[in-house]
$ cat query.pdb   # PDB, C-alpha atoms
ATOM      1  CA  MET A   1     -78.418  -4.169 -91.101
ATOM      2  CA  SER A   2     -79.437  -0.514 -91.126
ATOM      3  CA  PHE A   3     -78.044   1.985 -88.653
ATOM      4  CA  ILE A   4     -81.392   2.165 -86.784
ATOM      5  CA  GLN A   5     -81.475  -1.644 -86.540
ATOM      6  CA  LEU A   6     -77.934  -1.614 -85.137
ATOM      7  CA  ALA A   7     -78.800   1.135 -82.621
ATOM      8  CA  LYS A   8     -81.832  -0.867 -81.489
ATOM      9  CA  LYS A   9     -79.727  -4.047 -81.247
ATOM     10  CA  ARG A  10     -77.263  -2.456 -78.807
ATOM     11  CA  TYR A  11     -78.133  -2.757 -75.131
ATOM     12  CA  SER A  12     -76.317  -2.639 -71.788
ATOM     13  CA  VAL A  13     -74.900  -6.114 -71.197
ATOM     14  CA  ARG A  14     -74.459  -7.074 -67.567
ATOM     15  CA  SER A  15     -73.533 -10.743 -67.925
ATOM     16  CA  TYR A  16     -70.727 -12.077 -70.091
ATOM     17  CA  LEU A  17     -69.717 -15.512 -71.301
ATOM     18  CA  ASP A  18     -66.381 -16.886 -70.146
ATOM     19  CA  LYS A  19     -65.026 -16.558 -73.668
ATOM     20  CA  PRO A  20     -62.101 -14.408 -74.788
ATOM     21  CA  VAL A  21     -62.673 -11.642 -77.314
ATOM     22  CA  GLU A  22     -60.600 -11.939 -80.456
ATOM     23  CA  ILE A  23     -57.896  -9.266 -80.783
ATOM     24  CA  GLU A  24     -59.182  -8.444 -84.278
ATOM     25  CA  LYS A  25     -62.571  -7.521 -82.829
ATOM     26  CA  ILE A  26     -61.012  -5.431 -80.066
ATOM     27  CA  LEU A  27     -58.996  -3.575 -82.699
ATOM     28  CA  GLN A  28     -62.119  -2.957 -84.800
ATOM     29  CA  VAL A  29     -63.893  -1.477 -81.761
ATOM     30  CA  LEU A  30     -60.869   0.736 -81.069
ATOM     31  CA  GLU A  31     -60.775   1.800 -84.717
ATOM     32  CA  ALA A  32     -64.377   2.980 -84.373
ATOM     33  CA  ALA A  33     -63.229   5.179 -81.468
ATOM     34  CA  ARG A  34     -60.186   6.408 -83.385
ATOM     35  CA  VAL A  35     -62.283   7.667 -86.301
ATOM     36  CA  ALA A  36     -64.923   9.276 -84.070
ATOM     37  CA  PRO A  37     -65.158  13.031 -84.415
ATOM     38  CA  SER A  38     -63.834  15.318 -81.710
ATOM     39  CA  ALA A  39     -64.264  19.047 -81.217
ATOM     40  CA  VAL A  40     -61.899  20.923 -83.555
ATOM     41  CA  ASN A  41     -60.297  17.495 -84.212
ATOM     42  CA  LYS A  42     -58.239  17.826 -81.006
ATOM     43  CA  GLN A  43     -58.500  14.068 -80.288
ATOM     44  CA  PRO A  44     -57.849  14.341 -76.522
ATOM     45  CA  LEU A  45     -58.580  10.689 -75.724
ATOM     46  CA  HIS A  46     -56.534   7.677 -74.705
ATOM     47  CA  PHE A  47     -57.828   4.104 -74.377
ATOM     48  CA  ILE A  48     -56.388   1.416 -72.134
ATOM     49  CA  VAL A  49     -57.401  -2.155 -73.009
ATOM     50  CA  VAL A  50     -57.351  -4.408 -69.974
ATOM     51  CA  THR A  51     -57.505  -8.189 -70.369
ATOM     52  CA  ASN A  52     -55.095  -9.277 -67.621
ATOM     53  CA  GLU A  53     -57.074 -10.903 -64.798
ATOM     54  CA  ASP A  54     -55.068  -9.225 -62.028
ATOM     55  CA  THR A  55     -55.520  -5.745 -63.493
ATOM     56  CA  LYS A  56     -59.194  -6.396 -64.270
ATOM     57  CA  SER A  57     -59.697  -7.448 -60.649
ATOM     58  CA  LYS A  58     -58.134  -4.217 -59.408
ATOM     59  CA  ILE A  59     -60.327  -2.180 -61.745
ATOM     60  CA  ALA A  60     -63.353  -4.194 -60.621
ATOM     61  CA  ASP A  61     -62.613  -2.978 -57.085
ATOM     62  CA  THR A  62     -63.408   0.536 -58.347
ATOM     63  CA  TYR A  63     -66.881  -0.640 -59.416
ATOM     64  CA  PRO A  64     -67.846  -3.500 -57.107
ATOM     65  CA  ARG A  65     -70.595  -5.230 -59.100
ATOM     66  CA  ASP A  66     -70.376  -8.983 -59.602
ATOM     67  CA  TRP A  67     -71.451  -8.790 -63.243
ATOM     68  CA  PHE A  68     -68.595  -6.389 -64.053
ATOM     69  CA  LYS A  69     -66.059  -9.067 -63.136
ATOM     70  CA  THR A  70     -67.432 -11.402 -65.821
ATOM     71  CA  ALA A  71     -66.324  -9.165 -68.722
ATOM     72  CA  PRO A  72     -63.238 -10.547 -70.478
ATOM     73  CA  VAL A  73     -62.198  -7.067 -71.644
ATOM     74  CA  VAL A  74     -62.422  -3.629 -70.056
ATOM     75  CA  ILE A  75     -61.639  -0.561 -72.121
ATOM     76  CA  VAL A  76     -60.732   2.364 -69.896
ATOM     77  CA  VAL A  77     -61.555   5.654 -71.606
ATOM     78  CA  CYS A  78     -59.311   8.527 -70.560
ATOM     79  CA  GLY A  79     -59.324  12.171 -71.528
ATOM     80  CA  ASP A  80     -56.644  14.812 -71.464
ATOM     81  CA  HIS A  81     -58.324  18.131 -70.671
ATOM     82  CA  SER A  82     -55.133  20.016 -71.553
ATOM     83  CA  LEU A  83     -55.577  18.870 -75.164
ATOM     84  CA  SER A  84     -59.350  19.246 -75.506
ATOM     85  CA  TRP A  85     -61.082  22.150 -77.186
ATOM     86  CA  LYS A  86     -62.746  24.763 -74.981
ATOM     87  CA  ARG A  87     -65.582  26.962 -76.192
ATOM     88  CA  ASN A  88     -65.345  30.760 -75.692
ATOM     89  CA  ASP A  89     -67.361  30.483 -72.469
ATOM     90  CA  GLY A  90     -64.890  27.883 -71.131
ATOM     91  CA  LYS A  91     -67.034  24.791 -71.813
ATOM     92  CA  ASP A  92     -64.582  21.873 -72.059
ATOM     93  CA  HIS A  93     -65.538  19.337 -74.737
ATOM     94  CA  CYS A  94     -63.313  16.463 -73.543
ATOM     95  CA  ASP A  95     -66.233  14.566 -71.987
ATOM     96  CA  ILE A  96     -68.325  15.148 -75.112
ATOM     97  CA  ASP A  97     -65.510  13.808 -77.294
ATOM     98  CA  ALA A  98     -65.292  10.761 -75.022
ATOM     99  CA  ALA A  99     -69.059  10.215 -75.221
ATOM    100  CA  ILE A 100     -68.943  10.232 -79.018
ATOM    101  CA  ALA A 101     -66.047   7.745 -79.070
ATOM    102  CA  ILE A 102     -67.741   5.476 -76.523
ATOM    103  CA  ASP A 103     -70.951   5.504 -78.541
ATOM    104  CA  HIS A 104     -68.977   4.538 -81.653
ATOM    105  CA  MET A 105     -67.359   1.686 -79.693
ATOM    106  CA  THR A 106     -70.638   0.364 -78.280
ATOM    107  CA  LEU A 107     -72.202   0.311 -81.746
ATOM    108  CA  ALA A 108     -69.138  -1.286 -83.343
ATOM    109  CA  ALA A 109     -69.127  -3.940 -80.625
ATOM    110  CA  ALA A 110     -72.819  -4.676 -81.198
ATOM    111  CA  ASP A 111     -72.169  -4.954 -84.923
ATOM    112  CA  LEU A 112     -69.460  -7.547 -84.176
ATOM    113  CA  GLY A 113     -71.722  -9.598 -81.901
ATOM    114  CA  LEU A 114     -70.213  -8.240 -78.682
ATOM    115  CA  GLY A 115     -71.893  -6.617 -75.721
ATOM    116  CA  THR A 116     -70.859  -3.590 -73.694
ATOM    117  CA  CYS A 117     -72.110  -1.512 -70.793
ATOM    118  CA  TRP A 118     -71.089   2.108 -70.388
ATOM    119  CA  VAL A 119     -69.970   2.528 -66.735
ATOM    120  CA  CYS A 120     -69.483   5.936 -65.140
ATOM    121  CA  ALA A 121     -70.328   5.278 -61.462
ATOM    122  CA  PHE A 122     -66.895   4.071 -60.366
ATOM    123  CA  ASP A 123     -64.109   5.347 -58.128
ATOM    124  CA  ALA A 124     -62.160   7.358 -60.712
ATOM    125  CA  LYS A 125     -59.341   8.270 -58.334
ATOM    126  CA  LYS A 126     -58.733   4.655 -57.391
ATOM    127  CA  CYS A 127     -58.868   3.580 -61.056
ATOM    128  CA  HIS A 128     -56.358   6.319 -61.903
ATOM    129  CA  GLU A 129     -54.001   4.901 -59.268
ATOM    130  CA  VAL A 130     -54.486   1.276 -60.351
ATOM    131  CA  LEU A 131     -53.488   2.157 -63.917
ATOM    132  CA  ASN A 132     -50.613   4.420 -62.823
ATOM    133  CA  LEU A 133     -51.886   7.193 -65.075
ATOM    134  CA  PRO A 134     -50.123  10.518 -65.455
ATOM    135  CA  GLU A 135     -51.787  13.475 -63.796
ATOM    136  CA  ASN A 136     -52.991  14.949 -67.099
ATOM    137  CA  LEU A 137     -55.233  11.938 -67.856
ATOM    138  CA  GLU A 138     -58.691  11.601 -66.323
ATOM    139  CA  VAL A 139     -60.536   8.288 -66.336
ATOM    140  CA  ILE A 140     -63.888   9.201 -67.878
ATOM    141  CA  ALA A 141     -65.601   5.834 -68.263
ATOM    142  CA  LEU A 142     -65.142   2.080 -68.165
ATOM    143  CA  LEU A 143     -66.412  -0.065 -71.012
ATOM    144  CA  PRO A 144     -66.633  -3.753 -70.145
ATOM    145  CA  MET A 145     -66.911  -5.827 -73.309
ATOM    146  CA  GLY A 146     -67.440  -9.441 -74.269
ATOM    147  CA  TYR A 147     -69.935 -11.963 -75.532
ATOM    148  CA  SER A 148     -73.275 -11.577 -73.792
ATOM    149  CA  ALA A 149     -74.515 -14.407 -71.594
ATOM    150  CA  ASP A 150     -78.047 -12.984 -71.761
ATOM    151  CA  LYS A 151     -80.523 -12.396 -74.520
ATOM    152  CA  ALA A 152     -81.298  -8.846 -75.588
ATOM    153  CA  PRO A 153     -84.395  -7.345 -73.984
ATOM    154  CA  GLU A 154     -87.490  -7.597 -76.159
ATOM    155  CA  ASN A 155     -88.471  -3.941 -75.975
ATOM    156  CA  LYS A 156     -86.296  -1.234 -74.523
ATOM    157  CA  LYS A 157     -88.502   1.411 -72.968
ATOM    158  CA  ARG A 158     -88.024   4.711 -74.742
ATOM    159  CA  ARG A 159     -89.925   7.976 -74.661
ATOM    160  CA  ASP A 160     -92.027   8.777 -77.686
ATOM    161  CA  ILE A 161     -90.279  11.045 -80.183
ATOM    162  CA  SER A 162     -93.047  13.635 -79.768
ATOM    163  CA  GLU A 163     -91.947  14.035 -76.129
ATOM    164  CA  MET A 164     -88.364  14.725 -77.141
ATOM    165  CA  VAL A 165     -88.556  16.949 -80.197
ATOM    166  CA  SER A 166     -89.735  20.498 -80.809
ATOM    167  CA  TRP A 167     -89.712  22.251 -84.174
ATOM    168  CA  GLU A 168     -88.460  25.804 -84.588
ATOM    169  CA  GLU A 169     -88.564  26.620 -80.834
ATOM    170  CA  TYR A 170     -89.015  24.839 -77.528
ATOM    171  CA  LYS A 171     -92.552  23.746 -76.890
ATOM    172  CA  LYS A 172     -93.646  21.764 -73.883
ATOM    173  CA  GLU A 173     -96.686  19.713 -74.727
TER     174      GLU A 173
END

$ encode --input "query.pdb" --output "structure tokens"
Amino acid sequence: MSFIQLAKKRYSVRSYLDKPVEIEKILQVLEAARVAPSAVNKQPLHFIVVTNEDTKSKIADTYPRDWFKTAPVVIVVCGDHSLSWKRNDGKDHCDIDAAIAIDHMTLAAADLGLGTCWVCAFDAKKCHEVLNLPENLEVIALLPMGYSADKAPENKKRRDISEMVSWEEYKKE
């Protein structure tokens, strides 16, 4: 499968089978995050894999959607802003590093026949408390993962490339 085929295959899964994910597959998804690039190679990320039903239930309370509770695995993506690279104007790249790693994980999961859904609209403070995280770690995103109970959508709606790309300088068409 080509990279474009894989990217098109990946979609946000919001219904999971009641089937455990093999540890080997979880480790392959985490390896994809580990090898993801980060600004100035600072690698300011930490990943917490949650499979325990009690802990998953507590995390689900931070994002109260029924479908979220069906995921057999939740990967909690954390960033340490004290380790991340900052540009001269102060722009912190921790969230960008996390986004790259999460994208690598979602694509690796799709390649392994797993589904994911990148979740950012959760109660980060409550999640931080549930996981007993140190103050220096920020919960950036939740990545539920498992075998999809749904079929992939036929056609994901996307803007035409001509609406998204300019050559040489910005041009609004």

$ resolve_selection --input "query.pdb" --expression "the PyMOL selection byres ((chain A and resi 126) around 10)" --output "JSON list (two decimals) with C-alpha atoms, keeping the file's coordinate frame"
[["chain", "number", "residue", "atom", "x", "y", "z"],
["A", 58, "LYS", "CA", -58.13, -4.22, -59.41],
["A", 59, "ILE", "CA", -60.33, -2.18, -61.74],
["A", 61, "ASP", "CA", -62.61, -2.98, -57.08],
["A", 62, "THR", "CA", -63.41, 0.54, -58.35],
["A", 63, "TYR", "CA", -66.88, -0.64, -59.42],
["A", 122, "PHE", "CA", -66.90, 4.07, -60.37],
["A", 123, "ASP", "CA", -64.11, 5.35, -58.13],
["A", 124, "ALA", "CA", -62.16, 7.36, -60.71],
["A", 125, "LYS", "CA", -59.34, 8.27, -58.33],
["A", 127, "CYS", "CA", -58.87, 3.58, -61.06],
["A", 128, "HIS", "CA", -56.36, 6.32, -61.90],
["A", 129, "GLU", "CA", -54.00, 4.90, -59.27],
["A", 130, "VAL", "CA", -54.49, 1.28, -60.35],
["A", 131, "LEU", "CA", -53.49, 2.16, -63.92],
["A", 132, "ASN", "CA", -50.61, 4.42, -62.82],
["A", 139, "VAL", "CA", -60.54, 8.29, -66.34]]

$ resolve_selection --input "query.pdb" --expression "the PyMOL selection byres ((chain A and resi 35-39) around 10)" --output "ChimeraX atom specification"
/A:30-34,40-45,84-87,92-94,96-105

$ atom_distance --input "query.pdb" --atom1 "atom CA of A:Tyr11" --atom2 "atom CA of A:Asn52"
25.1 Å

$ closest_residue --input "query.pdb" --among "A:Ser148, A:Ser82, A:Ser166, A:Asn136" --to "A:Gly113" --atoms "only C-alpha atoms"
A:Ser148

$ resolve_selection --input "query.pdb" --expression "the PyMOL selection byres ((chain A and resi 26) around 12)" --output "number ranges by chain"
A: 20-25, 27-33, 47-51, 72-75, 105-106, 108-110, 112-116, 143-147

$ write_last_selection --input "query.pdb" --atoms "C-alpha atoms" --output "compact mmCIF listing (two decimals), in the coordinates of the input"
# COMPACT_ATOMS: atom_id res chain seq x y z
CA PRO A 20 -62.10 -14.41 -74.79
CA VAL A 21 -62.67 -11.64 -77.31
CA GLU A 22 -60.60 -11.94 -80.46
CA ILE A 23 -57.90 -9.27 -80.78
CA GLU A 24 -59.18 -8.44 -84.28
CA LYS A 25 -62.57 -7.52 -82.83
CA LEU A 27 -59.00 -3.58 -82.70
CA GLN A 28 -62.12 -2.96 -84.80
CA VAL A 29 -63.89 -1.48 -81.76
CA LEU A 30 -60.87 0.74 -81.07
CA GLU A 31 -60.78 1.80 -84.72
CA ALA A 32 -64.38 2.98 -84.37
CA ALA A 33 -63.23 5.18 -81.47
CA PHE A 47 -57.83 4.10 -74.38
CA ILE A 48 -56.39 1.42 -72.13
CA VAL A 49 -57.40 -2.15 -73.01
CA VAL A 50 -57.35 -4.41 -69.97
CA THR A 51 -57.50 -8.19 -70.37
CA PRO A 72 -63.24 -10.55 -70.48
CA VAL A 73 -62.20 -7.07 -71.64
CA VAL A 74 -62.42 -3.63 -70.06
CA ILE A 75 -61.64 -0.56 -72.12
CA MET A 105 -67.36 1.69 -79.69
CA THR A 106 -70.64 0.36 -78.28
CA ALA A 108 -69.14 -1.29 -83.34
CA ALA A 109 -69.13 -3.94 -80.62
CA ALA A 110 -72.82 -4.68 -81.20
CA LEU A 112 -69.46 -7.55 -84.18
CA GLY A 113 -71.72 -9.60 -81.90
CA LEU A 114 -70.21 -8.24 -78.68
CA GLY A 115 -71.89 -6.62 -75.72
CA THR A 116 -70.86 -3.59 -73.69
CA LEU A 143 -66.41 -0.06 -71.01
CA PRO A 144 -66.63 -3.75 -70.14
CA MET A 145 -66.91 -5.83 -73.31
CA GLY A 146 -67.44 -9.44 -74.27
CA TYR A 147 -69.94 -11.96 -75.53

$ atom_distance --input "query.pdb" --atom1 "atom CA of A:Asp18" --atom2 "atom CA of A:Ala149"
8.6 Å

$ atom_distance --input "query.pdb" --atom1 "atom CA of A:Leu142" --atom2 "atom CA of A:Ile161"
29.3 Å

$ closest_residue --input "query.pdb" --among "A:His46, A:Lys157, A:Arg14, A:Lys9" --to "A:Ala141" --atoms "only C-alpha atoms"
A:His46

$ axis_aligned_box --input "query.pdb" --around "stretch 28-45 of chain A" --padding-each-side "8 Å" --output "AutoDock Vina command-line options"
--center_x -61.5 --center_y 9.0 --center_z -81.0 --size_x 23.3 --size_y 39.9 --size_z 26.6

$ closest_residue --input "query.pdb" --among "A:Gly79, A:Pro64, A:Gly90, A:Pro153" --to "A:Leu137" --atoms "all atoms listed in the file"
A:Gly79
